[in-house]
$ cat my_file_30.cif   # mmCIF, N, CA and C atoms
data_start
#
loop_
_atom_site.label_atom_id
_atom_site.label_comp_id
_atom_site.auth_asym_id
_atom_site.auth_seq_id
_atom_site.Cartn_x
_atom_site.Cartn_y
_atom_site.Cartn_z
N MET A 1 79.03 119.08 69.09
CA MET A 1 80.15 118.25 68.69
C MET A 1 79.87 116.78 68.99
N ALA A 2 79.16 116.50 70.08
CA ALA A 2 78.89 115.12 70.47
C ALA A 2 78.09 114.40 69.39
N GLU A 3 77.25 115.16 68.66
CA GLU A 3 76.41 114.54 67.65
C GLU A 3 77.21 114.08 66.44
N ILE A 4 78.33 114.73 66.14
CA ILE A 4 79.07 114.37 64.94
C ILE A 4 80.06 113.23 65.16
N PHE A 5 80.35 112.89 66.41
CA PHE A 5 81.27 111.77 66.63
C PHE A 5 80.50 110.49 66.35
N PRO A 6 81.04 109.62 65.46
CA PRO A 6 80.26 108.48 64.97
C PRO A 6 80.02 107.34 65.97
N LEU A 7 80.77 107.30 67.07
CA LEU A 7 80.62 106.20 68.02
C LEU A 7 79.88 106.68 69.27
N PRO A 8 79.13 105.78 69.93
CA PRO A 8 78.39 106.20 71.13
C PRO A 8 79.34 106.47 72.31
N ILE A 9 79.26 107.67 72.85
CA ILE A 9 80.13 108.09 73.95
C ILE A 9 79.72 107.35 75.22
N ALA A 10 80.72 106.88 75.98
CA ALA A 10 80.48 106.17 77.24
C ALA A 10 79.93 107.14 78.29
N SER A 11 79.04 106.64 79.10
CA SER A 11 78.45 107.48 80.15
C SER A 11 79.46 107.71 81.27
N ASN A 12 79.25 108.79 82.02
CA ASN A 12 80.11 109.08 83.16
C ASN A 12 79.99 108.00 84.23
N THR A 13 78.82 107.41 84.36
CA THR A 13 78.63 106.34 85.34
C THR A 13 79.51 105.14 85.01
N LYS A 14 79.52 104.75 83.74
CA LYS A 14 80.37 103.63 83.33
C LYS A 14 81.84 103.97 83.54
N ARG A 15 82.22 105.20 83.21
CA ARG A 15 83.61 105.61 83.38
C ARG A 15 84.03 105.62 84.84
N MET A 16 83.16 106.10 85.72
CA MET A 16 83.49 106.14 87.15
C MET A 16 83.61 104.72 87.72
N THR A 17 82.72 103.84 87.28
CA THR A 17 82.78 102.45 87.75
C THR A 17 84.07 101.79 87.27
N ALA A 18 84.43 102.03 86.02
CA ALA A 18 85.68 101.49 85.48
C ALA A 18 86.88 102.03 86.25
N PHE A 19 86.83 103.31 86.61
CA PHE A 19 87.90 103.94 87.39
C PHE A 19 88.07 103.23 88.72
N VAL A 20 86.97 102.95 89.41
CA VAL A 20 87.03 102.28 90.71
C VAL A 20 87.60 100.88 90.55
N ILE A 21 87.15 100.16 89.55
CA ILE A 21 87.67 98.80 89.30
C ILE A 21 89.17 98.85 89.05
N ASP A 22 89.60 99.79 88.21
CA ASP A 22 91.03 99.92 87.90
C ASP A 22 91.84 100.27 89.15
N ASP A 23 91.32 101.14 89.99
CA ASP A 23 92.05 101.49 91.21
C ASP A 23 92.15 100.30 92.16
N ILE A 24 91.12 99.47 92.20
CA ILE A 24 91.18 98.25 93.02
C ILE A 24 92.24 97.31 92.48
N VAL A 25 92.28 97.13 91.16
CA VAL A 25 93.28 96.25 90.53
C VAL A 25 94.68 96.77 90.81
N ILE A 26 94.90 98.07 90.64
CA ILE A 26 96.22 98.66 90.88
C ILE A 26 96.60 98.51 92.35
N SER A 27 95.64 98.70 93.24
CA SER A 27 95.90 98.51 94.67
C SER A 27 96.30 97.07 94.97
N LEU A 28 95.66 96.13 94.33
CA LEU A 28 96.03 94.71 94.53
C LEU A 28 97.45 94.44 94.04
N PHE A 29 97.82 95.01 92.89
CA PHE A 29 99.20 94.88 92.41
C PHE A 29 100.17 95.40 93.46
N PHE A 30 99.86 96.58 93.99
CA PHE A 30 100.71 97.22 94.99
C PHE A 30 100.82 96.35 96.25
N ILE A 31 99.70 95.83 96.70
CA ILE A 31 99.71 94.98 97.90
C ILE A 31 100.52 93.71 97.66
N ILE A 32 100.37 93.12 96.50
CA ILE A 32 101.13 91.90 96.18
C ILE A 32 102.62 92.19 96.15
N ILE A 33 103.00 93.28 95.49
CA ILE A 33 104.41 93.63 95.37
C ILE A 33 105.03 93.93 96.74
N PHE A 34 104.29 94.62 97.59
CA PHE A 34 104.82 95.07 98.88
C PHE A 34 104.23 94.31 100.07
N TYR A 35 103.81 93.09 99.85
CA TYR A 35 103.16 92.33 100.92
C TYR A 35 104.02 92.24 102.19
N ASN A 36 105.29 91.88 102.02
CA ASN A 36 106.16 91.74 103.19
C ASN A 36 106.34 93.06 103.93
N GLN A 37 106.51 94.14 103.17
CA GLN A 37 106.66 95.45 103.82
C GLN A 37 105.36 95.89 104.50
N PHE A 38 104.22 95.60 103.86
CA PHE A 38 102.94 95.88 104.49
C PHE A 38 102.83 95.13 105.82
N SER A 39 103.19 93.86 105.78
CA SER A 39 103.13 93.05 107.00
C SER A 39 103.99 93.64 108.10
N ASP A 40 105.20 94.06 107.75
CA ASP A 40 106.09 94.65 108.75
C ASP A 40 105.52 95.94 109.34
N VAL A 41 105.01 96.80 108.46
CA VAL A 41 104.47 98.08 108.93
C VAL A 41 103.28 97.85 109.85
N PHE A 42 102.35 97.00 109.42
CA PHE A 42 101.12 96.83 110.19
C PHE A 42 101.28 95.90 111.39
N SER A 43 102.28 95.04 111.39
CA SER A 43 102.49 94.18 112.56
C SER A 43 103.07 94.97 113.73
N ASN A 44 103.76 96.06 113.44
CA ASN A 44 104.34 96.90 114.49
C ASN A 44 103.33 97.88 115.09
N ILE A 45 102.14 97.93 114.51
CA ILE A 45 101.13 98.86 114.99
C ILE A 45 100.17 98.11 115.92
N THR A 46 100.15 98.52 117.16
CA THR A 46 99.23 97.91 118.12
C THR A 46 98.06 98.85 118.43
N VAL A 47 98.35 100.14 118.44
CA VAL A 47 97.34 101.16 118.69
C VAL A 47 97.50 102.23 117.62
N VAL A 48 96.38 102.67 117.09
CA VAL A 48 96.46 103.73 116.09
C VAL A 48 96.70 105.05 116.83
N ASP A 49 97.94 105.51 116.72
CA ASP A 49 98.32 106.78 117.33
C ASP A 49 99.18 107.54 116.33
N GLU A 50 99.81 108.61 116.79
CA GLU A 50 100.63 109.42 115.89
C GLU A 50 101.79 108.65 115.29
N SER A 51 102.43 107.79 116.06
CA SER A 51 103.57 107.04 115.53
C SER A 51 103.11 106.03 114.48
N ALA A 52 101.93 105.46 114.65
CA ALA A 52 101.39 104.52 113.66
C ALA A 52 101.11 105.26 112.35
N ILE A 53 100.51 106.41 112.46
CA ILE A 53 100.21 107.21 111.27
C ILE A 53 101.49 107.66 110.59
N GLU A 54 102.49 108.04 111.37
CA GLU A 54 103.78 108.43 110.81
C GLU A 54 104.43 107.26 110.09
N SER A 55 104.32 106.07 110.65
CA SER A 55 104.89 104.87 110.03
C SER A 55 104.23 104.58 108.69
N ILE A 56 102.92 104.68 108.66
CA ILE A 56 102.17 104.45 107.40
C ILE A 56 102.51 105.52 106.38
N ASN A 57 102.55 106.78 106.81
CA ASN A 57 102.90 107.88 105.90
C ASN A 57 104.31 107.72 105.35
N ALA A 58 105.24 107.27 106.17
CA ALA A 58 106.62 107.06 105.71
C ALA A 58 106.65 105.96 104.65
N PHE A 59 105.90 104.89 104.88
CA PHE A 59 105.83 103.80 103.91
C PHE A 59 105.29 104.30 102.58
N ILE A 60 104.22 105.08 102.63
CA ILE A 60 103.63 105.62 101.40
C ILE A 60 104.61 106.55 100.70
N ALA A 61 105.26 107.42 101.44
CA ALA A 61 106.21 108.37 100.85
C ALA A 61 107.38 107.66 100.17
N GLN A 62 107.83 106.56 100.78
CA GLN A 62 108.95 105.81 100.21
C GLN A 62 108.56 105.09 98.92
N ASN A 63 107.28 104.80 98.76
CA ASN A 63 106.85 103.98 97.63
C ASN A 63 105.90 104.67 96.66
N ILE A 64 105.75 105.97 96.78
CA ILE A 64 104.81 106.69 95.92
C ILE A 64 105.21 106.61 94.44
N LEU A 65 106.50 106.64 94.16
CA LEU A 65 106.92 106.54 92.75
C LEU A 65 106.61 105.17 92.16
N VAL A 66 106.65 104.14 92.99
CA VAL A 66 106.29 102.80 92.52
C VAL A 66 104.80 102.76 92.19
N VAL A 67 103.98 103.34 93.04
CA VAL A 67 102.53 103.39 92.78
C VAL A 67 102.26 104.12 91.48
N LEU A 68 102.88 105.28 91.31
CA LEU A 68 102.67 106.05 90.08
C LEU A 68 103.19 105.28 88.86
N GLY A 69 104.31 104.58 89.03
CA GLY A 69 104.85 103.76 87.94
C GLY A 69 103.91 102.63 87.55
N ILE A 70 103.33 101.98 88.55
CA ILE A 70 102.37 100.90 88.29
C ILE A 70 101.17 101.46 87.52
N LYS A 71 100.66 102.61 87.97
CA LYS A 71 99.52 103.23 87.29
C LYS A 71 99.87 103.58 85.84
N LEU A 72 101.04 104.16 85.64
CA LEU A 72 101.47 104.56 84.31
C LEU A 72 101.59 103.34 83.39
N ILE A 73 102.23 102.31 83.86
CA ILE A 73 102.40 101.09 83.05
C ILE A 73 101.06 100.44 82.78
N TYR A 74 100.24 100.29 83.82
CA TYR A 74 98.93 99.64 83.69
C TYR A 74 98.08 100.34 82.62
N HIS A 75 97.91 101.66 82.76
CA HIS A 75 97.05 102.38 81.83
C HIS A 75 97.65 102.47 80.43
N THR A 76 98.96 102.61 80.34
CA THR A 76 99.59 102.67 79.01
C THR A 76 99.44 101.36 78.27
N VAL A 77 99.85 100.27 78.89
CA VAL A 77 99.86 98.97 78.20
C VAL A 77 98.45 98.52 77.82
N PHE A 78 97.52 98.58 78.76
CA PHE A 78 96.17 98.11 78.45
C PHE A 78 95.49 98.95 77.38
N VAL A 79 95.62 100.28 77.46
CA VAL A 79 94.98 101.13 76.45
C VAL A 79 95.67 100.96 75.10
N TRP A 80 96.97 100.84 75.10
CA TRP A 80 97.72 100.65 73.86
C TRP A 80 97.38 99.31 73.21
N GLN A 81 97.26 98.27 73.99
CA GLN A 81 97.04 96.93 73.43
C GLN A 81 95.62 96.72 72.91
N ASN A 82 94.61 97.18 73.65
CA ASN A 82 93.24 96.92 73.18
C ASN A 82 92.25 98.04 73.49
N GLY A 83 92.76 99.19 73.94
CA GLY A 83 91.88 100.32 74.21
C GLY A 83 91.12 100.22 75.52
N MET A 84 91.36 99.13 76.27
CA MET A 84 90.61 98.91 77.50
C MET A 84 91.51 98.49 78.64
N THR A 85 91.29 99.10 79.80
CA THR A 85 91.85 98.56 81.03
C THR A 85 90.88 97.49 81.50
N LEU A 86 91.18 96.81 82.59
CA LEU A 86 90.25 95.79 83.09
C LEU A 86 88.91 96.41 83.48
N GLY A 87 88.95 97.59 84.10
CA GLY A 87 87.71 98.27 84.46
C GLY A 87 86.87 98.60 83.23
N LYS A 88 87.52 99.11 82.20
CA LYS A 88 86.80 99.43 80.97
C LYS A 88 86.27 98.16 80.31
N TYR A 89 87.02 97.08 80.38
CA TYR A 89 86.56 95.80 79.81
C TYR A 89 85.27 95.35 80.49
N PHE A 90 85.25 95.39 81.82
CA PHE A 90 84.05 94.96 82.55
C PHE A 90 82.87 95.89 82.31
N MET A 91 83.14 97.16 82.05
CA MET A 91 82.06 98.12 81.80
C MET A 91 81.73 98.24 80.32
N LYS A 92 82.44 97.49 79.48
CA LYS A 92 82.21 97.46 78.03
C LYS A 92 82.35 98.86 77.39
N ILE A 93 83.46 99.52 77.76
CA ILE A 93 83.80 100.80 77.16
C ILE A 93 85.26 100.74 76.73
N LYS A 94 85.66 101.62 75.83
CA LYS A 94 87.05 101.62 75.38
C LYS A 94 87.50 103.00 74.95
N VAL A 95 88.81 103.18 74.94
CA VAL A 95 89.43 104.43 74.53
C VAL A 95 89.72 104.34 73.03
N VAL A 96 89.36 105.37 72.31
CA VAL A 96 89.70 105.42 70.88
C VAL A 96 90.36 106.75 70.55
N ASP A 97 91.20 106.72 69.55
CA ASP A 97 91.85 107.91 69.01
C ASP A 97 90.80 108.67 68.20
N MET A 98 90.62 109.94 68.47
CA MET A 98 89.59 110.71 67.77
C MET A 98 89.89 110.90 66.29
N GLU A 99 91.17 110.86 65.92
CA GLU A 99 91.52 111.06 64.52
C GLU A 99 91.23 109.83 63.68
N THR A 100 91.49 108.64 64.25
CA THR A 100 91.37 107.41 63.47
C THR A 100 90.17 106.55 63.87
N GLY A 101 89.69 106.72 65.09
CA GLY A 101 88.61 105.86 65.58
C GLY A 101 89.11 104.50 66.04
N ASP A 102 90.42 104.32 66.00
CA ASP A 102 91.04 103.06 66.40
C ASP A 102 91.63 103.17 67.80
N THR A 103 92.14 102.05 68.29
CA THR A 103 92.84 102.01 69.57
C THR A 103 94.05 102.94 69.48
N PRO A 104 94.30 103.74 70.51
CA PRO A 104 95.45 104.65 70.47
C PRO A 104 96.77 103.88 70.36
N GLY A 105 97.73 104.47 69.64
CA GLY A 105 99.06 103.88 69.56
C GLY A 105 99.80 104.06 70.88
N PHE A 106 100.99 103.51 70.95
CA PHE A 106 101.75 103.55 72.20
C PHE A 106 101.97 104.99 72.68
N THR A 107 102.37 105.87 71.79
CA THR A 107 102.68 107.25 72.19
C THR A 107 101.46 107.94 72.78
N LYS A 108 100.30 107.79 72.13
CA LYS A 108 99.08 108.41 72.65
C LYS A 108 98.64 107.76 73.96
N ALA A 109 98.76 106.45 74.05
CA ALA A 109 98.39 105.76 75.28
C ALA A 109 99.29 106.20 76.44
N PHE A 110 100.58 106.35 76.15
CA PHE A 110 101.53 106.80 77.18
C PHE A 110 101.24 108.24 77.58
N LEU A 111 100.96 109.10 76.61
CA LEU A 111 100.63 110.49 76.90
C LEU A 111 99.37 110.57 77.76
N ARG A 112 98.36 109.82 77.38
CA ARG A 112 97.09 109.82 78.12
C ARG A 112 97.32 109.33 79.56
N ALA A 113 98.06 108.24 79.71
CA ALA A 113 98.34 107.69 81.05
C ALA A 113 99.17 108.68 81.88
N SER A 114 100.11 109.34 81.23
CA SER A 114 100.95 110.32 81.94
C SER A 114 100.14 111.52 82.42
N LEU A 115 99.18 111.94 81.63
CA LEU A 115 98.36 113.10 81.99
C LEU A 115 97.32 112.77 83.04
N ARG A 116 97.00 111.49 83.21
CA ARG A 116 96.06 111.08 84.26
C ARG A 116 96.63 111.38 85.65
N ILE A 117 97.93 111.21 85.80
CA ILE A 117 98.56 111.32 87.12
C ILE A 117 98.38 112.72 87.71
N PRO A 118 98.72 113.79 86.99
CA PRO A 118 98.47 115.12 87.57
C PRO A 118 96.99 115.36 87.86
N SER A 119 96.11 114.83 87.02
CA SER A 119 94.67 114.99 87.26
C SER A 119 94.26 114.34 88.57
N GLU A 120 94.83 113.19 88.87
CA GLU A 120 94.51 112.51 90.12
C GLU A 120 95.13 113.23 91.31
N VAL A 121 96.38 113.62 91.16
CA VAL A 121 97.10 114.27 92.26
C VAL A 121 96.46 115.61 92.61
N LEU A 122 95.97 116.32 91.62
CA LEU A 122 95.37 117.63 91.85
C LEU A 122 93.86 117.51 92.09
N PHE A 123 93.51 116.63 93.01
CA PHE A 123 92.12 116.49 93.48
C PHE A 123 91.13 116.12 92.37
N TYR A 124 91.59 115.39 91.39
CA TYR A 124 90.74 114.87 90.31
C TYR A 124 90.08 115.96 89.47
N VAL A 125 90.67 117.15 89.47
CA VAL A 125 90.10 118.27 88.71
C VAL A 125 89.99 117.91 87.22
N GLY A 126 91.01 117.26 86.68
CA GLY A 126 90.98 116.88 85.27
C GLY A 126 89.87 115.91 84.94
N PHE A 127 89.45 115.12 85.91
CA PHE A 127 88.36 114.16 85.70
C PHE A 127 87.01 114.87 85.72
N LEU A 128 86.90 115.95 86.48
CA LEU A 128 85.63 116.68 86.58
C LEU A 128 85.21 117.27 85.24
N MET A 129 86.17 117.50 84.36
CA MET A 129 85.86 118.04 83.04
C MET A 129 84.86 117.17 82.29
N ALA A 130 84.88 115.87 82.54
CA ALA A 130 83.99 114.94 81.83
C ALA A 130 82.52 115.28 82.05
N PHE A 131 82.21 115.93 83.17
CA PHE A 131 80.82 116.29 83.45
C PHE A 131 80.35 117.51 82.67
N PHE A 132 81.30 118.24 82.07
CA PHE A 132 80.94 119.49 81.41
C PHE A 132 81.29 119.51 79.92
N MET A 133 82.01 118.52 79.44
CA MET A 133 82.43 118.48 78.03
C MET A 133 81.39 117.73 77.20
N PRO A 134 81.15 118.17 75.97
CA PRO A 134 80.15 117.50 75.12
C PRO A 134 80.47 116.02 74.86
N LEU A 135 81.75 115.69 74.69
CA LEU A 135 82.13 114.29 74.44
C LEU A 135 82.53 113.57 75.72
N LYS A 136 82.22 114.18 76.87
CA LYS A 136 82.54 113.60 78.18
C LYS A 136 84.03 113.29 78.33
N GLN A 137 84.86 114.17 77.78
CA GLN A 137 86.31 113.98 77.84
C GLN A 137 86.89 114.55 79.13
N THR A 138 87.81 113.81 79.71
CA THR A 138 88.59 114.31 80.84
C THR A 138 89.75 115.12 80.27
N LEU A 139 90.53 115.74 81.15
CA LEU A 139 91.68 116.50 80.68
C LEU A 139 92.65 115.62 79.91
N HIS A 140 92.92 114.41 80.42
CA HIS A 140 93.87 113.54 79.72
C HIS A 140 93.30 113.03 78.39
N ASP A 141 91.99 112.91 78.27
CA ASP A 141 91.39 112.56 76.98
C ASP A 141 91.55 113.71 76.00
N LYS A 142 91.22 114.90 76.45
CA LYS A 142 91.26 116.08 75.59
C LYS A 142 92.67 116.34 75.07
N LEU A 143 93.66 116.30 75.97
CA LEU A 143 95.03 116.61 75.57
C LEU A 143 95.67 115.51 74.72
N SER A 144 95.18 114.29 74.84
CA SER A 144 95.73 113.20 74.02
C SER A 144 94.86 112.94 72.80
N ASN A 145 93.80 113.73 72.63
CA ASN A 145 92.90 113.62 71.50
C ASN A 145 92.25 112.23 71.42
N CYS A 146 91.77 111.79 72.57
CA CYS A 146 91.08 110.50 72.66
C CYS A 146 89.69 110.71 73.23
N VAL A 147 88.86 109.71 73.10
CA VAL A 147 87.52 109.74 73.66
C VAL A 147 87.18 108.32 74.11
N VAL A 148 86.34 108.19 75.14
CA VAL A 148 85.93 106.87 75.63
C VAL A 148 84.53 106.60 75.10
N VAL A 149 84.38 105.46 74.45
CA VAL A 149 83.11 105.10 73.81
C VAL A 149 82.64 103.74 74.31
N ASN A 150 81.37 103.45 74.06
CA ASN A 150 80.86 102.11 74.35
C ASN A 150 81.51 101.13 73.39
N ALA A 151 81.92 100.00 73.90
CA ALA A 151 82.62 99.01 73.06
C ALA A 151 81.61 98.18 72.27
#

$ encode --input "my_file_30.cif" --output "structure tokens"
Amino acid sequence: MAEIFPLPIASNTKRMTAFVIDDIVISLFFIIIFYNQFSDVFSNITVVDESAIESINAFIAQNILVVLGIKLIYHTVFVWQNGMTLGKYFMKIKVVDMETGDTPGFTKAFLRASLRIPSEVLFYVGFLMAFFMPLKQTLHDKLSNCVVVNA
């Protein structure tokens, strides 16, 4: 099947590097948004002990939906607008709709971004598929009928 797709499929190395870049960008958004709360949490920690870990875990638990929301918005908007997140832009790869070969529309971009979240939460199992699929598709690529190609 990989031979019949007309565009060059992006390598797993490029995809993993783009993933790391995107996670760094999303983490920076999160830090900027919650800077004051981060400061409060970490200023109260003098020694890393059980109470410090509980404080950090409580902060994460209170804000996990915001993190997931940022990820969903980030991946939806960037893929919908130009087929590339910042990580994909730097790695010169992009997401395309397998039916049209064009940038995915809003619905497909949203579906793809939504399906990424369970793949990440469940120990990245959906991402591991890329190592075994002919078109190097992850679970969210396969279910949204998209593929990542060299730009």

$ closest_residue --input "my_file_30.cif" --among "A:Ile56, A:Val121, A:Cys146, A:Ile24" --to "Trp80 of chain A" --atoms "only C-alpha atoms"
A:Cys146

$ atom_distance --input "my_file_30.cif" --atom1 "atom CA of Ile60 of chain A" --atom2 "atom CA of Met16 of chain A"
24.7 Å

$ closest_residue --input "my_file_30.cif" --among "A:Leu7, A:Gly87, A:Ala130, A:Ser144" --to "Val25 of chain A" --atoms "all atoms listed in the file"
A:Gly87

$ closest_residue --input "my_file_30.cif" --among "A:Val66, A:Met98, A:Leu86, A:Leu143" --to "Leu111 of chain A" --atoms "all atoms listed in the file"
A:Leu143

$ residues_near_point --input "my_file_30.cif" --point "(82.7, 98.6, 76.6)" --cutoff "8 Å" --atoms "all atoms listed in the file" --output "VMD selection string"
chain A and resid 10 84 87 to 95 149 to 151

$ closest_residue --input "my_file_30.cif" --among "A:Ile117, A:Ile45, A:Ala52, A:Thr85" --to "Phe19 of chain A" --atoms "only C-alpha atoms"
A:Thr85

$ residues_around --input "my_file_30.cif" --residues "Asp97 of chain A" --least-positions-apart "4" --cutoff "6.5 Å" --atoms "only N, CA and C atoms" --output "list in words"
Gly101, Asp102, Thr103, Pro104, Asn145, Cys146 and Val147 of chain A

$ atom_distance --input "my_file_30.cif" --atom1 "atom CA of Phe123 of chain A" --atom2 "atom CA of Lys14 of chain A"
20.2 Å

$ atom_distance --input "my_file_30.cif" --atom1 "atom CA of Phe30 of chain A" --atom2 "atom CA of Ala61 of chain A"
13.7 Å

$ closest_residue --input "my_file_30.cif" --among "A:Val41, A:Leu115, A:Ile32, A:Ile9" --to "Phe59 of chain A" --atoms "only C-alpha atoms"
A:Val41

$ resolve_selection --input "my_file_30.cif" --expression "the PyMOL selection byres (((chain A and resi 26-29 and name CA) around 10) and name CA)" --output "JSON, numbers by chain"
{"A": [20, 21, 22, 23, 24, 25, 30, 31, 32, 33, 34, 35, 67, 68, 70, 71, 74, 75]}

$ closest_residue --input "my_file_30.cif" --among "A:Thr76, A:Ser51, A:Thr107, A:Gln37" --to "Asn63 of chain A" --atoms "only C-alpha atoms"
A:Gln37

$ select_by_dssp --input "my_file_30.cif" --residues "chain A" --states "strand (DSSP E)" --output "list of chain:residue names"
A:Ile93, A:Lys94, A:Val95, A:Val96, A:Asp97, A:Cys146, A:Val147, A:Val148, A:Val149, A:Asn150

$ select_by_dssp --input "my_file_30.cif" --residues "segment 12-143 of chain A" --states "alpha helix (DSSP H)" --output "PyMOL selection string"
chain A and resi 12-33+35-43+50-82+86-91+106-121+125-128+139-143
